[in-house]
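The structure file data-v2.cif is reproduced below (mmCIF, C-alpha atoms).
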data_data
loop_
_atom_site.label_atom_id
_atom_site.label_comp_id
_atom_site.auth_asym_id
_atom_site.auth_seq_id
_atom_site.Cartn_x
_atom_site.Cartn_y
_atom_site.Cartn_z
CA MET A 761 28.68 -2.43 -14.78
CA THR A 762 25.19 -1.10 -14.06
CA ARG A 763 23.11 -2.88 -11.44
CA THR A 764 19.35 -2.56 -11.92
CA VAL A 765 16.71 -3.58 -9.40
CA LEU A 766 12.94 -3.48 -9.75
CA ALA A 767 10.76 -3.35 -6.62
CA PRO A 768 6.97 -3.62 -6.79
CA GLY A 769 4.50 -1.17 -5.37
CA LYS A 770 1.65 -2.28 -3.14
CA LEU A 771 -2.05 -2.04 -2.43
CA MET A 772 -3.43 -2.46 1.05
CA ILE A 773 -6.40 -4.78 0.64
CA ALA A 774 -7.63 -5.20 4.23
CA GLY A 775 -6.56 -4.46 7.78
CA GLU A 776 -5.62 -0.81 7.39
CA TYR A 777 -4.96 1.15 10.58
CA ALA A 778 -5.48 -1.90 12.82
CA VAL A 779 -2.17 -3.26 11.49
CA LEU A 780 -0.49 -0.45 13.44
CA ASP A 781 -1.79 -2.14 16.61
CA GLY A 782 -0.38 -5.54 15.64
CA ALA A 783 -3.48 -6.91 13.91
CA PRO A 784 -3.05 -8.73 10.58
CA ALA A 785 -3.42 -7.05 7.20
CA ILE A 786 -3.57 -8.23 3.61
CA VAL A 787 -1.27 -6.49 1.16
CA LEU A 788 -0.80 -7.08 -2.57
CA ALA A 789 2.41 -6.35 -4.46
CA ILE A 790 1.63 -4.84 -7.86
CA ASP A 791 3.49 -4.15 -11.06
CA ARG A 792 3.64 -0.41 -10.38
CA GLY A 793 6.86 0.14 -8.52
CA VAL A 794 10.37 1.56 -8.51
CA ARG A 795 13.46 0.96 -10.62
CA CYS A 796 16.90 1.65 -9.14
CA ASP A 797 20.05 1.79 -11.30
CA ILE A 798 23.54 1.94 -9.82
CA VAL A 799 26.45 2.92 -12.09
CA PRO A 800 30.05 2.76 -10.79
CA ALA A 801 31.50 6.25 -10.19
CA ASP A 802 34.15 7.99 -8.09
CA THR A 803 31.61 9.97 -6.04
CA LEU A 804 28.10 9.25 -4.81
CA THR A 805 25.49 11.04 -6.93
CA ILE A 806 21.81 10.24 -6.49
CA GLN A 807 19.15 11.21 -9.01
CA THR A 808 15.43 10.65 -8.54
CA PRO A 809 12.53 11.77 -10.74
CA ASP A 810 11.31 14.36 -8.21
CA GLY A 811 14.58 15.07 -6.40
CA ASP A 812 13.45 13.31 -3.19
CA ASP A 813 16.22 10.87 -2.24
CA ARG A 814 15.32 10.32 1.43
CA PHE A 815 14.42 6.65 0.95
CA VAL A 816 17.37 5.94 -1.36
CA ARG A 817 20.37 7.73 0.18
CA PRO A 818 20.38 5.81 3.50
CA ALA A 819 20.69 2.50 1.66
CA LEU A 820 23.71 3.82 -0.25
CA SER A 821 25.52 5.58 2.60
CA ASP A 822 26.60 5.17 6.21
CA LEU A 823 23.23 6.23 7.66
CA ASP A 824 24.61 9.13 9.71
CA GLU A 825 21.74 11.36 8.66
CA LYS A 826 18.14 11.19 9.91
CA PRO A 827 15.81 12.08 7.04
CA GLY A 828 12.20 13.18 7.55
CA PHE A 829 8.83 11.57 6.83
CA GLY A 830 7.33 10.45 3.51
CA GLY A 831 8.58 8.50 0.51
CA SER A 832 8.41 4.97 -0.82
CA ALA A 833 9.05 1.55 0.68
CA ALA A 834 9.71 0.22 -2.81
CA ALA A 835 12.45 2.81 -3.35
CA CYS A 836 14.12 1.83 -0.08
CA VAL A 837 14.00 -1.89 -0.92
CA ALA A 838 15.26 -1.32 -4.47
CA ALA A 839 18.13 0.85 -3.27
CA CYS A 840 19.18 -1.72 -0.67
CA LEU A 841 19.32 -4.52 -3.23
CA ALA A 842 21.01 -2.36 -5.87
CA ALA A 843 23.69 -1.46 -3.32
CA GLY A 844 24.25 -5.12 -2.46
CA ARG A 845 22.61 -4.88 0.95
CA PRO A 846 20.08 -7.42 2.28
CA ALA A 847 16.52 -6.51 1.44
CA ALA A 848 15.69 -6.95 5.13
CA ASP A 849 17.71 -3.80 5.85
CA ALA A 850 14.87 -1.82 4.26
CA VAL A 851 12.54 -2.66 7.15
CA ARG A 852 14.69 -0.77 9.66
CA LEU A 853 15.68 2.00 7.25
CA HIS A 854 12.15 2.71 6.12
CA GLN A 855 10.83 2.91 9.68
CA GLN A 856 13.79 5.11 10.65
CA ILE A 857 13.13 7.51 7.79
CA GLN A 858 9.34 7.46 7.97
CA GLY A 859 9.20 7.61 11.74
CA GLY A 860 7.20 4.42 12.18
CA GLY A 861 4.70 2.39 10.21
CA SER A 862 3.65 -1.25 10.14
CA GLY A 863 6.21 -2.48 7.60
CA ALA A 864 3.54 -4.13 5.43
CA ASP A 865 4.52 -2.05 2.41
CA VAL A 866 8.16 -3.04 2.79
CA ALA A 867 7.18 -6.71 3.09
CA ALA A 868 5.18 -6.48 -0.12
CA ALA A 869 8.13 -5.00 -1.98
CA ILE A 870 10.47 -7.70 -0.69
CA HIS A 871 8.30 -10.80 -1.07
CA GLY A 872 5.82 -9.92 -3.81
CA GLY A 873 2.44 -11.56 -4.36
CA MET A 874 -0.42 -11.29 -1.88
CA LEU A 875 0.54 -11.57 1.76
CA ARG A 876 -1.10 -11.89 5.13
CA PHE A 877 1.12 -9.64 7.24
CA GLU A 878 1.17 -9.69 11.03
CA GLY A 879 3.96 -8.44 13.25
CA HIS A 880 6.52 -8.72 10.40
CA ASP A 881 5.52 -12.35 9.77
CA THR A 882 4.19 -13.02 6.28
CA THR A 883 2.08 -15.80 4.82
CA ALA A 884 1.59 -16.08 1.06
CA LEU A 885 -2.01 -16.07 -0.17
CA ASP A 886 -3.48 -16.82 -3.57
CA PRO A 887 -3.57 -13.36 -5.16
CA VAL A 888 -6.80 -11.71 -6.28
CA THR A 889 -6.58 -8.65 -8.48
CA PRO A 890 -8.83 -5.67 -7.71
CA VAL A 891 -9.98 -2.94 -10.02
CA VAL A 892 -7.97 0.15 -9.05
CA VAL A 893 -9.45 3.63 -9.49
CA TRP A 894 -7.58 6.89 -8.94
CA SER A 895 -9.38 9.26 -6.57
CA GLY A 896 -8.09 12.39 -8.26
CA GLN A 897 -5.95 13.56 -5.36
CA SER A 898 -2.97 12.38 -3.36
CA THR A 899 -2.83 12.41 0.41
CA ARG A 900 -0.44 12.55 3.33
CA THR A 901 -0.93 9.50 5.50
CA GLN A 902 1.06 10.44 8.60
CA PRO A 903 -1.40 13.07 9.95
CA MET A 904 -4.23 10.52 9.63
CA ILE A 905 -2.16 7.83 11.32
CA ASP A 906 -1.40 10.26 14.14
CA ARG A 907 -5.13 10.90 14.65
CA TYR A 908 -5.85 7.19 14.70
CA LEU A 909 -3.12 6.49 17.25
CA ALA A 910 -4.43 9.33 19.44
CA TRP A 911 -7.86 7.66 19.55
CA PRO A 912 -8.02 5.76 22.84
CA ASP A 913 -10.92 3.38 22.03
CA ARG A 914 -9.26 1.22 19.39
CA GLU A 915 -9.66 -2.24 20.97
CA VAL A 916 -13.07 -3.12 19.48
CA PHE A 917 -12.05 -1.76 16.06
CA VAL A 918 -8.84 -3.81 16.05
CA ALA A 919 -10.68 -7.01 16.99
CA ALA A 920 -13.26 -6.48 14.23
CA SER A 921 -10.53 -5.77 11.69
CA ARG A 922 -8.74 -8.97 12.67
CA ARG A 923 -11.92 -10.96 12.06
CA LEU A 924 -12.48 -9.41 8.63
CA VAL A 925 -8.95 -10.21 7.52
CA GLN A 926 -9.59 -13.83 8.48
CA GLU A 927 -12.78 -13.83 6.38
CA PHE A 928 -11.34 -12.12 3.32
CA THR A 929 -10.15 -15.17 1.43
CA ARG A 930 -13.54 -16.85 1.88
CA ASP A 931 -15.61 -13.94 0.55
CA PRO A 932 -13.56 -10.95 -0.64
CA ILE A 933 -16.58 -8.85 -1.67
CA ALA A 934 -18.46 -9.21 1.61
CA ALA A 935 -15.28 -8.70 3.66
CA LEU A 936 -14.30 -5.62 1.66
CA ARG A 937 -17.78 -4.13 2.03
CA GLU A 938 -17.85 -4.73 5.79
CA ASN A 939 -14.28 -3.47 6.14
CA ALA A 940 -15.28 -0.23 4.42
CA HIS A 941 -18.10 0.29 6.93
CA LEU A 942 -15.76 -0.51 9.81
CA LEU A 943 -13.16 1.97 8.61
CA MET A 944 -15.78 4.67 8.09
CA ASP A 945 -17.03 4.20 11.65
CA MET A 946 -13.47 4.34 12.97
CA ALA A 947 -12.78 7.49 10.97
CA THR A 948 -15.86 9.22 12.37
CA ARG A 949 -14.97 8.32 15.94
CA ALA A 950 -11.25 9.11 15.61
CA GLY A 951 -11.63 12.24 13.48
CA VAL A 952 -9.72 10.76 10.53
CA PRO A 953 -10.60 12.37 7.14
CA TYR A 954 -10.93 8.96 5.49
CA MET A 955 -13.60 9.37 2.79
CA THR A 956 -13.62 11.99 0.03
CA PRO A 957 -16.57 12.73 -2.29
CA ARG A 958 -14.81 10.98 -5.19
CA LEU A 959 -14.01 7.88 -3.12
CA ALA A 960 -17.61 7.77 -1.89
CA ALA A 961 -18.89 7.99 -5.47
CA ILE A 962 -16.58 5.16 -6.56
CA ALA A 963 -17.81 2.99 -3.69
CA LYS A 964 -21.44 3.75 -4.55
CA ALA A 965 -20.86 2.79 -8.21
CA ALA A 966 -19.19 -0.48 -7.21
CA HIS A 967 -22.15 -1.35 -4.97
CA HIS A 968 -24.56 -0.52 -7.82
CA HIS A 969 -22.80 -3.10 -10.00
CA GLY A 970 -22.91 -5.81 -7.34
CA GLY A 971 -19.41 -5.37 -5.99
CA ALA A 972 -17.67 -3.51 -3.20
CA ALA A 973 -15.03 -0.79 -3.07
CA LYS A 974 -13.07 1.13 -0.48
CA PRO A 975 -9.93 3.25 -0.27
CA SER A 976 -6.69 1.31 -0.31
CA GLY A 977 -4.59 2.33 2.66
CA ALA A 978 -5.15 5.36 4.85
CA GLY A 979 -7.83 6.96 2.67
CA GLY A 980 -8.29 10.69 2.23
CA GLY A 981 -7.38 10.33 -1.45
CA ASP A 982 -5.03 8.12 -3.49
CA CYS A 983 -6.73 5.00 -4.93
CA ALA A 984 -9.82 2.93 -4.34
CA ILE A 985 -9.91 -0.83 -4.85
CA ALA A 986 -12.98 -2.79 -5.94
CA PHE A 987 -13.98 -6.45 -6.30
CA PHE A 988 -16.87 -7.92 -8.29
CA PRO A 989 -18.67 -11.27 -8.52
CA ASP A 990 -17.96 -11.70 -12.24
CA LYS A 991 -16.29 -10.10 -15.27
CA ASP A 992 -19.54 -8.62 -16.60
CA ALA A 993 -20.12 -6.68 -13.38
CA GLU A 994 -16.48 -5.60 -13.34
CA SER A 995 -16.68 -4.42 -16.96
CA ALA A 996 -19.85 -2.44 -16.27
CA PHE A 997 -18.15 -0.74 -13.32
CA VAL A 998 -15.11 0.13 -15.43
CA HIS A 999 -17.39 1.71 -18.04
CA THR A 1000 -19.06 3.75 -15.31
CA CYS A 1001 -15.67 4.97 -14.11
CA THR A 1002 -14.65 5.91 -17.66
CA ASP A 1003 -17.92 7.76 -18.25
CA ASN A 1004 -17.36 9.76 -15.05
CA GLY A 1005 -13.73 10.56 -15.81
CA TRP A 1006 -12.37 8.39 -12.99
CA PRO A 1007 -9.05 6.92 -14.18
CA VAL A 1008 -8.85 3.13 -13.87
CA ILE A 1009 -5.26 1.98 -13.37
CA PRO A 1010 -4.49 -1.51 -14.72
CA VAL A 1011 -2.46 -3.56 -12.22
CA GLN A 1012 -1.29 -7.13 -11.89
CA PRO A 1013 0.23 -9.01 -8.95
CA ALA A 1014 4.00 -8.70 -8.99
CA VAL A 1015 6.95 -10.75 -7.80
CA GLY A 1016 9.25 -9.42 -5.11
CA ALA A 1017 12.13 -7.06 -5.70
CA GLY A 1018 15.14 -8.44 -7.51
CA LEU A 1019 18.17 -7.72 -9.63
CA THR A 1020 17.33 -7.59 -13.34
CA SER A 1021 20.80 -6.99 -14.78
CA GLY A 1022 24.37 -6.72 -13.68
#
Step by step, read the file and then write its structure as structure tokens.
Amino acid sequence: MTRTVLAPGKLMIAGEYAVLDGAPAIVLAIDRGVRCDIVPADTLTIQTPDGDDRFVRPALSDLDEKPGFGGSAAACVAACLAAGRPAADAVRLHQQIQGGGSGADVAAAIHGGMLRFEGHDTTALDPVTPVVVWSGQSTRTQPMIDRYLAWPDREVFVAASRRLVQEFTRDPIAALRENAHLLMDMATRAGVPYMTPRLAAIAKAAHHHGGAAKPSGAGGGDCAIAFFPDKDAESAFVHTCTDNGWPVIPVQPAVGAGLTSG
């Protein structure tokens, strides 16, 4: 009998980079994730859309191998559950495969919803849904993380990030705007290629319509997230994105990973 598990993807809302130093972050599980099907067979055969099984194979085997960097927390969580393993196993496996990381993305896939994440402890928050805009290019996060961790003057940045995470639920737009400025300053000082021309244009458009936008996660590409004071402002921003050829990706908060059939 086939076992099928769905695990949500995630958006980092606030606290990027500082979460690597133990500061809190806010992460949102979204309905863009990973599906894992397991069909009984005599031998282990793993198929993935792009052939990359590094975050799936360890959950289905004895973990003798040590895969390299990259991949998806959602895939690791989904594979663990589909194989009948505890979802919590994905925390260790994902860090082992990726070579580190905060674990916030794994927590989002396991628990779902919007979470305040700090040191592997999670607190559920009332979810707010951002507008998500594709930057036009993907990015590799590990080189940027390495540059951040090599920057010796992180203490003030981490403290400021902690404060902004605390303020986010009170005023998401103001906190997001200030967080963007904080991350840009950090990137300049640490030599992290955080902002691209497309991401900067998206942020400028959001500000023009009374909202705020910033990259979600490490920056350098991938997606931007934006918040607005009302639906009219949000709609005007979406029209601007469409007119400029910037793909807007519809997302909704998602529940945590779970078995859907079996």
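Shortest atom-to-atom contact with Asp945 in chain A among A:Arg930, A:Arg914, A:His968, A:His999: A:Arg914, counting all atoms listed in the file.
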Close residues, Met904 in chain A itself excluded, 9 Å, all atoms listed in the file, min 4 positions apart in chain, as a VMD selection string = chain A and resid 900 908 to 909 951 to 954 978 to 980
Write out as a PyMOL selection string the residues lying within 8 Å of Ala834 in chain A, counting all atoms listed in the file and excluding same-chain residues fewer than 3 positions away.
-> chain A and resi 767-769+793-794+837-838+865-866+869
Write out as a count of residues only each polymer residue whose atoms come within 9 Å of Arg958 in chain A, counting all atoms listed in the file; drop sequence neighbours fewer than 3 positions from it.
-> 8
From CA of Lys964 in chain A to CA of Thr929 in chain A the spacing works out at 22.8 Å
Nearest to Ala996 in chain A: which of A:Ala789, A:Val891, A:Leu943, A:Gln902 is it, counting all atoms listed in the file?
-> A:Val891
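Near (-16.1, -3.3, -3.2), the residues that fall inside 9 Å on the basis of only C-alpha atoms are Pro890, Pro932, Ile933, Ala934, Ala935, Leu936, Arg937, Ala940, Ala963, Lys964, Ala966, His967, Gly970, Gly971, Ala972, Ala973, Lys974, Ala984, Ile985, Ala986, Phe987 and Phe988 of chain A.
What separates CA of Gln926 in chain A from CA of Pro989 in chain A is a distance of 19.4 Å.
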Which residue, A:Thr956, A:His969, A:Ile790, A:Pro975, has the smallest gap to Ser995 in chain A when you use only C-alpha atoms?
->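 Closest to Ser995 in chain A of all the choices is A:His969.
Atom pair CA of Ala843 in chain A / CA of Arg795 in chain A: separated by 12.8 Å.
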Report the residues retrieved by the PyMOL selection byres ((chain A and resi 1009) around 10) from the displayed file, expressed as an MDAnalysis selection string.
-> chainID A and resid 792 891:894 983 1006:1008 1010:1011
Exactly which residues make up the result of the PyMOL selection byres ((chain A and resi 840) around 10) on this file, given as a PyMOL selection string?
-> chain A and resi 765+796+815-820+834-839+841-850+853
Of the candidates A:Ala920, A:Val1015, A:Ala778, A:Ala785, which shows the shortest atom-to-atom distance to Thr882 in chain A, using all atoms listed in the file?
-> A:Ala785
Using all atoms listed in the file, which of the listed residues (A:Met772, A:Ala993, A:Thr1002, A:Ser921) sits closest to Gly863 in chain A?
->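 Residue with the minimum atom-to-atom distance to Gly863 in chain A: A:Met772.
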Output the residue selection produced by the PyMOL selection byres ((chain A and resi 798-801) around 7) on the file above, formatted as a list in words.
-> Met761, Thr762, Arg763, Thr764, Cys796, Asp797, Asp802, Thr803 and Ala842 of chain A
So that all listed atoms of range 976-984 of chain A fit with 8 Å spare on each side, what axis-aligned box centre and edge lengths in Å, to one decimal, would you give as AutoDock Vina command-line options?
--center_x -7.2 --center_y 6.0 --center_z 0.0 --size_x 21.2 --size_y 25.4 --size_z 25.8
Met874 in chain A surroundings by all atoms listed in the file, 9 Å radius, close-in-sequence under 3 positions cut, as JSON, numbers by chain = {"A": [786, 787, 788, 789, 868, 871, 883, 884, 885, 886, 887, 888, 1013, 1014]}
